[in-house]
Amino acid sequence: MHSQTTEPSTSIDPSAFFGHLTFNTDEMSKRLPPPVAKSLARTIAKGEKLDPSIVDAVALAMKEWALEHGATHYCHWFTPLTGSTAEKHDAFLHPFGDGTAGTRFAGDNLAFGEPDASSFPSGGARQTFEARGYTAWDATSPAFILPGGGGGTLCIPSVFVSYTGEALDLKTPLLRSIEAVSAQAMRILKIFGTDEGVSRVHTTLGSEQEYFLVDEQFVEDREDLRLCGRTLFGADSPKGHQLDDHYFGTIPERVLAYMNDVERQLMELGIPAMTRHNEVAPGQYEIAPMFEHANVAVDHQMLTMHVLRTTAPNHGFVCLMHEKPFAGVNGSGKHNNWAICTDTGVNLLDPQDDTHTNMQFLVFLCAVMKAVHQHGALLRASVASAGNDHRLGANEAPPAIVSIFMGEMLSDILEQLESGKTKRTKKGGTLELGASTLPTIPRHAGDRNRTSPFAFTGNKFEFRAVGSTQPVAWPNTIVNTIVAESLDEIATDLEKKLGAKPTPKKMESTVGAVLAKLVKDHKAVVFDGDGYGAPWHQEAEERELENLRTTADALPALRRPEVLKMFAKYGVLSRDEMKLRVEVLLETYGTQLGIEARTMLSIGRREILPAALRHQADLAETAAATAAAGLADGAAAAELVDFAAGVDAFRASLKDLDAAEAKSLADAAKHAAFCRDVLIPAMEAVRATADNLESTMPTELWPMPSYATMLFER
């Protein structure tokens with residue numbers, strides 16, 4: 001995407017310019033005829049089908065607004081299966097053929113487009129010669145303007161499908177999954193009689209983003225960072241994040257200027273960036289937004305990554321979002337805070353005060369527990385990537401074993417439910433800090449657990465395993481779909497047992513019995529302890545929880561018959577759409593590792609080996625000079641022998657990697673397994689031998705900036 005530059009405003013009040021570059025509901029109400037505005041609002045808020053008769057009026061108002069804000073072009077902005085955004089710009093200019101011109105942007109320009117689909121990943125659904133594909137306007141996500149290049153582009157959030165109708169993007173299945181959740185959640189609300197005035201249920205999302213900032217010059221000097229986004233070589237810095245002194249520390253002035261620039265742009269785009277801070281690793285930071293409806297939040301998350309990347313050069317930085325750009329220090333994730341709420345604003349995951357009596361909440365809670373237990377492999381597959389494999393299970397990320405954290409208060413209630421008698425809700429109380437001048441702090445009823453992949457955190461679930469480079473649409477599609485299935489099965493069970501007009505007593509006993517069985521059947525997935533420890537791996541195996549350690553292990557779960565059946569049943573992805581998606585994910589995994597392997601070979605042969613041979617020659621010269629002087633110093637000769645052995649080991653590892661990289665299997669799943677079993681170990685061997693050389697060579701001879709330089713020099 002193009003670089004952004006925005007003119008600073010004299011106002012320092014963010015509310016004065018928040019959403020300035022979005023065609024939001026305020027702009028719609030001011031510019032559209034009332035009947036058109038109301039119809040569009042019903043589509044956005046209530047999920048009603050878009051009325052085609054209003055599209056021309058919306059397009060005219062949107063064009064006038066965009067031109068007033070400096071836009072010269074428009075595009076359908078979408079997320080293909082590359083994982084990045086895509087756009088094809090068309091000019092508003094419309095020549096009349098008589099030497100004059102006007103502007104044109106009609107309803108058909110707004111409603112759909114036709115990008116060339118032949119070069120986007122399709123998992124074999126489309127051949128290279130089959131070029132036609134379609135984009136379609138997602139009216140539920142506001143259009144926006146990206147400034148740049150002396151003008152601006154009106155971006156229309158869209159979905160992308162093939163000529164034959166298969167979803168070839170990340171947004172289409174997400175929207176379908178939101179509707180699936182809504183349909184099943186409404187059945188639960190109807191059972192409890194709380195559906196009055198509710199038209200639909202939304203999923204909400206707040207997605208935290210971690211990232212590194214590295215000086216541009218250091219990246220220019222490292223081919224691995226430029227091509228792969230992570231360091232393929234690098235001996236440990238004497239200091240990493242051991243002291244935790246960077247975490248929540250004072251933000252460096254230069255970084256703070258960058259953050260202010262980023263946040264200014266995000267606020268103009270209507271993105272509620274609320275929190276910023278230093279993360280654990282040196283050079284690592286985090287930005288977090290407020291909650292929004294998931295369909296909007298996923299677009300805003302893609303925009304956030306774009307703004308973070310494109311703004312960094314203006315401050316002399318490169319923004320690295322790889323899950324593990326530096327080995328040995330904290331990696332980056334994207335904590336996915338997910339909840340369910342009604343269109344009347346009720347959070348269905350809010351426990352409220354006397355939680356043990358809140359049967360509706362407990363049904364939704366147990367539905368999520370059931371979904372995570374039955375489909376832990378799918379949740380693991382939803383965050384599977386070559387980059388995230390470096391991070392899962394390390395100190396900053398949950399393990400690859402998917403469990404659910406409930407916390408002390410909810411775990412106690414689950415035990416009560418299983419026993420058939422719910423009597424109490426544990427309270428947190430308060431904390432007295434021992435000084436009269438300090439306030440009394442309200443203490444939560446349960447702690448947080450940073451080692452849990454899927455943790456309840458007050459009124460939402462935090463899916464902590466999502467990778468920092470990953471678009472959040474796909475993991476949220478998975479979460480929505482498995483929860484929809486769970487709600488469906490629970491609603492069907494309750495409807496059958498309750499009948500048409502159950503008495504309050506029957507309601508209480510029936511719901512209690514269903515909840516007790518849910519807890520008994522699915523409590524194995526609940527784990528509130530230390531997910532990092534080796535004992536948990538053994539215990540998880542005894543609980544029959546899968547441990548899919550790598551992407552090659554995880555992605556085949558998406559091809560399981562019951563998974564294909566579920567996604568087709570709820571209209572999220574057809575069997576063919578899911579199969580092509582898995583093929584793309586497997587191919588991407590193998591391709592990324594292939595690029596990394598070739599980059600290692602390039603750096604190893606053209607940079608590291610020549611530098612090592614120069615140092616070896618220096619050592620040989622020193623040893624020869626020492627011997628010629630008649631000095632009995634065996635240390636110089638021994639150092640030469642040891643270093644030469646290290647060089648030979650490095651050469652041998654390069655040869656092995658070259659042989660592994662040259663092999664390619666036609667079947668994507670088999671090639672992914674080959675990468676896991678052969679290619680990655682060969683890459684690890686190259687790195688180990690290279691890092692050993694770096695640790696013994698003079699700094700001035702090593703051809704790349706060191707970890708200590710990149711992490712600590714600002």
# chains A, B, ... in the order shown; residues from 1 in each chain; ligands from 1
$ residues_around --residues "region 611-613 of chain A" --least-positions-apart "5" --cutoff "9 Å" --atoms "only C-alpha atoms" --output "PDB file with all heavy atoms, in the first residue's frame"
ATOM      1  N   ARG A 606      27.944 -15.459   0.615  1.00  0.00           N
ATOM      2  CA  ARG A 606      28.458 -14.193   0.086  1.00  0.00           C
ATOM      3  C   ARG A 606      28.953 -13.235   1.168  1.00  0.00           C
ATOM      4  O   ARG A 606      29.692 -12.304   0.867  1.00  0.00           O
ATOM      5  CB  ARG A 606      27.377 -13.493  -0.745  1.00  0.00           C
ATOM      6  CG  ARG A 606      26.969 -14.247  -1.998  1.00  0.00           C
ATOM      7  CD  ARG A 606      26.065 -13.446  -2.908  1.00  0.00           C
ATOM      8  NE  ARG A 606      24.838 -13.025  -2.248  1.00  0.00           N
ATOM      9  CZ  ARG A 606      24.580 -11.778  -1.887  1.00  0.00           C
ATOM     10  NH1 ARG A 606      25.466 -10.827  -2.087  1.00  0.00           N
ATOM     11  NH2 ARG A 606      23.434 -11.475  -1.301  1.00  0.00           N
ATOM     12  N   ASP A 618      43.853 -14.328   9.205  1.00  0.00           N
ATOM     13  CA  ASP A 618      44.517 -13.513  10.230  1.00  0.00           C
ATOM     14  C   ASP A 618      45.056 -14.397  11.353  1.00  0.00           C
ATOM     15  O   ASP A 618      46.179 -14.172  11.858  1.00  0.00           O
ATOM     16  CB  ASP A 618      43.540 -12.487  10.811  1.00  0.00           C
ATOM     17  CG  ASP A 618      43.171 -11.402   9.815  1.00  0.00           C
ATOM     18  OD1 ASP A 618      43.882 -11.254   8.793  1.00  0.00           O
ATOM     19  OD2 ASP A 618      42.151 -10.705  10.056  1.00  0.00           O
ATOM     20  N   PHE A 643      38.967 -22.508  15.267  1.00  0.00           N
ATOM     21  CA  PHE A 643      38.172 -21.668  14.370  1.00  0.00           C
ATOM     22  C   PHE A 643      38.030 -22.316  12.999  1.00  0.00           C
ATOM     23  O   PHE A 643      36.953 -22.271  12.394  1.00  0.00           O
ATOM     24  CB  PHE A 643      38.803 -20.281  14.232  1.00  0.00           C
ATOM     25  CG  PHE A 643      37.920 -19.296  13.504  1.00  0.00           C
ATOM     26  CD1 PHE A 643      36.879 -18.665  14.152  1.00  0.00           C
ATOM     27  CD2 PHE A 643      38.111 -19.038  12.144  1.00  0.00           C
ATOM     28  CE1 PHE A 643      36.040 -17.785  13.478  1.00  0.00           C
ATOM     29  CE2 PHE A 643      37.280 -18.160  11.462  1.00  0.00           C
ATOM     30  CZ  PHE A 643      36.245 -17.525  12.139  1.00  0.00           C
ATOM     31  N   ALA A 644      39.100 -22.931  12.506  1.00  0.00           N
ATOM     32  CA  ALA A 644      39.036 -23.605  11.201  1.00  0.00           C
ATOM     33  C   ALA A 644      38.013 -24.739  11.231  1.00  0.00           C
ATOM     34  O   ALA A 644      37.296 -24.979  10.251  1.00  0.00           O
ATOM     35  CB  ALA A 644      40.417 -24.130  10.816  1.00  0.00           C
ATOM     36  N   VAL A 647      34.696 -23.179  10.823  1.00  0.00           N
ATOM     37  CA  VAL A 647      34.450 -22.812   9.430  1.00  0.00           C
ATOM     38  C   VAL A 647      34.069 -24.040   8.612  1.00  0.00           C
ATOM     39  O   VAL A 647      33.149 -23.997   7.782  1.00  0.00           O
ATOM     40  CB  VAL A 647      35.689 -22.115   8.826  1.00  0.00           C
ATOM     41  CG1 VAL A 647      35.501 -21.892   7.323  1.00  0.00           C
ATOM     42  CG2 VAL A 647      35.948 -20.785   9.525  1.00  0.00           C
ATOM     43  N   LEU A 693      30.545 -18.810  14.986  1.00  0.00           N
ATOM     44  CA  LEU A 693      31.607 -18.024  14.358  1.00  0.00           C
ATOM     45  C   LEU A 693      31.529 -16.564  14.800  1.00  0.00           C
ATOM     46  O   LEU A 693      32.544 -15.941  15.117  1.00  0.00           O
ATOM     47  CB  LEU A 693      31.513 -18.122  12.837  1.00  0.00           C
ATOM     48  CG  LEU A 693      31.792 -19.495  12.205  1.00  0.00           C
ATOM     49  CD1 LEU A 693      31.556 -19.439  10.697  1.00  0.00           C
ATOM     50  CD2 LEU A 693      33.207 -19.967  12.506  1.00  0.00           C
ATOM     51  N   GLU A 694      30.309 -16.014  14.812  1.00  0.00           N
ATOM     52  CA  GLU A 694      30.150 -14.615  15.198  1.00  0.00           C
ATOM     53  C   GLU A 694      30.669 -14.362  16.608  1.00  0.00           C
ATOM     54  O   GLU A 694      31.279 -13.313  16.888  1.00  0.00           O
ATOM     55  CB  GLU A 694      28.684 -14.193  15.104  1.00  0.00           C
ATOM     56  CG  GLU A 694      28.464 -12.727  15.457  1.00  0.00           C
ATOM     57  CD  GLU A 694      26.995 -12.314  15.514  1.00  0.00           C
ATOM     58  OE1 GLU A 694      26.121 -13.164  15.258  1.00  0.00           O
ATOM     59  OE2 GLU A 694      26.731 -11.135  15.829  1.00  0.00           O
ATOM     60  N   MET A 697      34.546 -13.977  16.451  1.00  0.00           N
ATOM     61  CA  MET A 697      35.198 -13.100  15.476  1.00  0.00           C
ATOM     62  C   MET A 697      35.219 -11.652  15.951  1.00  0.00           C
ATOM     63  O   MET A 697      34.331 -11.230  16.699  1.00  0.00           O
ATOM     64  CB  MET A 697      34.465 -13.175  14.125  1.00  0.00           C
ATOM     65  CG  MET A 697      34.776 -14.425  13.321  1.00  0.00           C
ATOM     66  SD  MET A 697      33.801 -14.511  11.795  1.00  0.00           S
ATOM     67  CE  MET A 697      34.351 -13.014  10.956  1.00  0.00           C
ATOM     68  N   LEU A 701      34.960  -7.406  11.678  1.00  0.00           N
ATOM     69  CA  LEU A 701      34.968  -8.341  10.551  1.00  0.00           C
ATOM     70  C   LEU A 701      33.587  -8.940  10.278  1.00  0.00           C
ATOM     71  O   LEU A 701      33.327  -9.415   9.176  1.00  0.00           O
ATOM     72  CB  LEU A 701      35.962  -9.475  10.812  1.00  0.00           C
ATOM     73  CG  LEU A 701      37.446  -9.142  10.645  1.00  0.00           C
ATOM     74  CD1 LEU A 701      38.299 -10.380  10.879  1.00  0.00           C
ATOM     75  CD2 LEU A 701      37.722  -8.556   9.267  1.00  0.00           C
ATOM     76  N   TRP A 702      32.722  -8.946  11.305  1.00  0.00           N
ATOM     77  CA  TRP A 702      31.402  -9.567  11.107  1.00  0.00           C
ATOM     78  C   TRP A 702      30.587  -8.692  10.159  1.00  0.00           C
ATOM     79  O   TRP A 702      30.496  -7.478  10.350  1.00  0.00           O
ATOM     80  CB  TRP A 702      30.684  -9.747  12.437  1.00  0.00           C
ATOM     81  CG  TRP A 702      29.459 -10.608  12.297  1.00  0.00           C
ATOM     82  CD1 TRP A 702      28.161 -10.218  12.382  1.00  0.00           C
ATOM     83  CD2 TRP A 702      29.439 -12.004  12.021  1.00  0.00           C
ATOM     84  NE1 TRP A 702      27.313 -11.274  12.174  1.00  0.00           N
ATOM     85  CE2 TRP A 702      28.081 -12.402  11.936  1.00  0.00           C
ATOM     86  CE3 TRP A 702      30.436 -12.960  11.811  1.00  0.00           C
ATOM     87  CZ2 TRP A 702      27.701 -13.716  11.671  1.00  0.00           C
ATOM     88  CZ3 TRP A 702      30.052 -14.275  11.549  1.00  0.00           C
ATOM     89  CH2 TRP A 702      28.693 -14.643  11.482  1.00  0.00           C
ATOM     90  N   PRO A 703      29.979  -9.271   9.112  1.00  0.00           N
ATOM     91  CA  PRO A 703      29.407  -8.464   8.030  1.00  0.00           C
ATOM     92  C   PRO A 703      28.044  -7.840   8.301  1.00  0.00           C
ATOM     93  O   PRO A 703      27.511  -7.144   7.438  1.00  0.00           O
ATOM     94  CB  PRO A 703      29.313  -9.471   6.875  1.00  0.00           C
ATOM     95  CG  PRO A 703      29.141 -10.796   7.545  1.00  0.00           C
ATOM     96  CD  PRO A 703      29.952 -10.723   8.812  1.00  0.00           C
TER      97      PRO A 703
END
$ closest_atom_pairs --of "region 296-325 of chain A" --to "region 73-92 of chain A" --cutoff "10 Å" --atoms "only C-alpha atoms" --output "JSON lines"
{"residue": "A:Asp299", "atom": "CA", "partner": "A:Phe78", "partner_atom": "CA", "distance": 8.8}
{"residue": "A:Met302", "atom": "CA", "partner": "A:Thr85", "partner_atom": "CA", "distance": 7.4}
{"residue": "A:Leu303", "atom": "CA", "partner": "A:Thr85", "partner_atom": "CA", "distance": 8.9}
{"residue": "A:Met305", "atom": "CA", "partner": "A:Ser84", "partner_atom": "CA", "distance": 9.7}
{"residue": "A:His306", "atom": "CA", "partner": "A:Thr85", "partner_atom": "CA", "distance": 9.0}
$ closest_residue --among "A:Glu541, A:Asp343, A:His322, A:Ala435" --to "Gly47 (chain A)" --atoms "only C-alpha atoms"
A:Asp343
$ closest_residue --among "A:Phe326, A:Phe364, A:Tyr134, A:Phe567" --to "Asp236 (chain A)" --atoms "only C-alpha atoms"
A:Phe326
$ residues_around --residues "Phe361 (chain A)" --least-positions-apart "4" --cutoff "9 Å" --atoms "only C-alpha atoms" --output "list in words"
Leu348, Leu349, Asp350, Pro351, Gln352, Thr355, Leu365 and Cys366 of chain A
$ residues_around --residues "Thr25 (chain A)" --least-positions-apart "3" --cutoff "8 Å" --atoms "only C-alpha atoms" --output "MDAnalysis selection string"
chainID A and resid 28:29 41
$ residues_around --residues "region 518-523 of chain A" --least-positions-apart "6" --cutoff "12 Å" --atoms "only C-alpha atoms" --output "PyMOL selection string"
chain A and resi 362-376+403-406+410-420+486-487+489-490+493+511-512+543-545
$ select_by_dssp --residues "region 273-472 of chain A" --states "strand (DSSP E or B)" --output "JSON, numbers by chain"
{"A": [273, 274, 275, 276, 277, 278, 284, 285, 286, 287, 288, 289, 292, 293, 317, 318, 319, 320, 333, 336, 337, 338, 339, 340, 341, 342, 347, 401, 404, 405, 430, 431, 441, 442, 454, 455, 456, 461, 462, 463, 467]}
$ decode --residues "region 504-520 of chain A" --atoms "N, CA and C atoms" --output "mmCIF file, in the first residue's frame"
data_model
loop_
_atom_site.group_PDB
_atom_site.id
_atom_site.type_symbol
_atom_site.label_atom_id
_atom_site.label_comp_id
_atom_site.auth_asym_id
_atom_site.auth_seq_id
_atom_site.Cartn_x
_atom_site.Cartn_y
_atom_site.Cartn_z
ATOM 1 N N PRO A 504 -41.013 -21.753 35.508
ATOM 2 C CA PRO A 504 -39.713 -21.314 36.039
ATOM 3 C C PRO A 504 -38.938 -22.456 36.695
ATOM 4 N N LYS A 505 -39.659 -23.332 37.390
ATOM 5 C CA LYS A 505 -38.991 -24.447 38.062
ATOM 6 C C LYS A 505 -38.374 -25.401 37.045
ATOM 7 N N LYS A 506 -39.157 -25.700 35.989
ATOM 8 C CA LYS A 506 -38.633 -26.597 34.958
ATOM 9 C C LYS A 506 -37.458 -25.950 34.235
ATOM 10 N N MET A 507 -37.566 -24.651 34.020
ATOM 11 C CA MET A 507 -36.484 -23.922 33.355
ATOM 12 C C MET A 507 -35.203 -24.050 34.172
ATOM 13 N N GLU A 508 -35.313 -23.821 35.464
ATOM 14 C CA GLU A 508 -34.140 -23.844 36.328
ATOM 15 C C GLU A 508 -33.516 -25.234 36.382
ATOM 16 N N SER A 509 -34.349 -26.249 36.543
ATOM 17 C CA SER A 509 -33.815 -27.612 36.672
ATOM 18 C C SER A 509 -33.237 -28.113 35.349
ATOM 19 N N THR A 510 -33.919 -27.789 34.254
ATOM 20 C CA THR A 510 -33.454 -28.268 32.944
ATOM 21 C C THR A 510 -32.140 -27.606 32.547
ATOM 22 N N VAL A 511 -32.086 -26.297 32.682
ATOM 23 C CA VAL A 511 -30.849 -25.588 32.342
ATOM 24 C C VAL A 511 -29.721 -26.052 33.252
ATOM 25 N N GLY A 512 -30.021 -26.234 34.532
ATOM 26 C CA GLY A 512 -28.998 -26.707 35.462
ATOM 27 C C GLY A 512 -28.452 -28.068 35.070
ATOM 28 N N ALA A 513 -29.348 -28.963 34.653
ATOM 29 C CA ALA A 513 -28.913 -30.308 34.258
ATOM 30 C C ALA A 513 -28.059 -30.260 32.989
ATOM 31 N N VAL A 514 -28.449 -29.421 32.031
ATOM 32 C CA VAL A 514 -27.680 -29.291 30.789
ATOM 33 C C VAL A 514 -26.299 -28.718 31.084
ATOM 34 N N LEU A 515 -26.240 -27.705 31.950
ATOM 35 C CA LEU A 515 -24.954 -27.110 32.305
ATOM 36 C C LEU A 515 -24.067 -28.117 33.041
ATOM 37 N N ALA A 516 -24.657 -28.903 33.918
ATOM 38 C CA ALA A 516 -23.879 -29.901 34.657
ATOM 39 C C ALA A 516 -23.232 -30.899 33.705
ATOM 40 N N LYS A 517 -23.977 -31.313 32.696
ATOM 41 C CA LYS A 517 -23.425 -32.269 31.716
ATOM 42 C C LYS A 517 -22.343 -31.618 30.858
ATOM 43 N N LEU A 518 -22.553 -30.361 30.508
ATOM 44 C CA LEU A 518 -21.547 -29.655 29.715
ATOM 45 C C LEU A 518 -20.228 -29.564 30.479
ATOM 46 N N VAL A 519 -20.329 -29.248 31.758
ATOM 47 C CA VAL A 519 -19.114 -29.152 32.572
ATOM 48 C C VAL A 519 -18.435 -30.514 32.671
ATOM 49 N N LYS A 520 -19.199 -31.539 32.937
ATOM 50 C CA LYS A 520 -18.637 -32.884 33.070
ATOM 51 C C LYS A 520 -17.960 -33.335 31.776
#
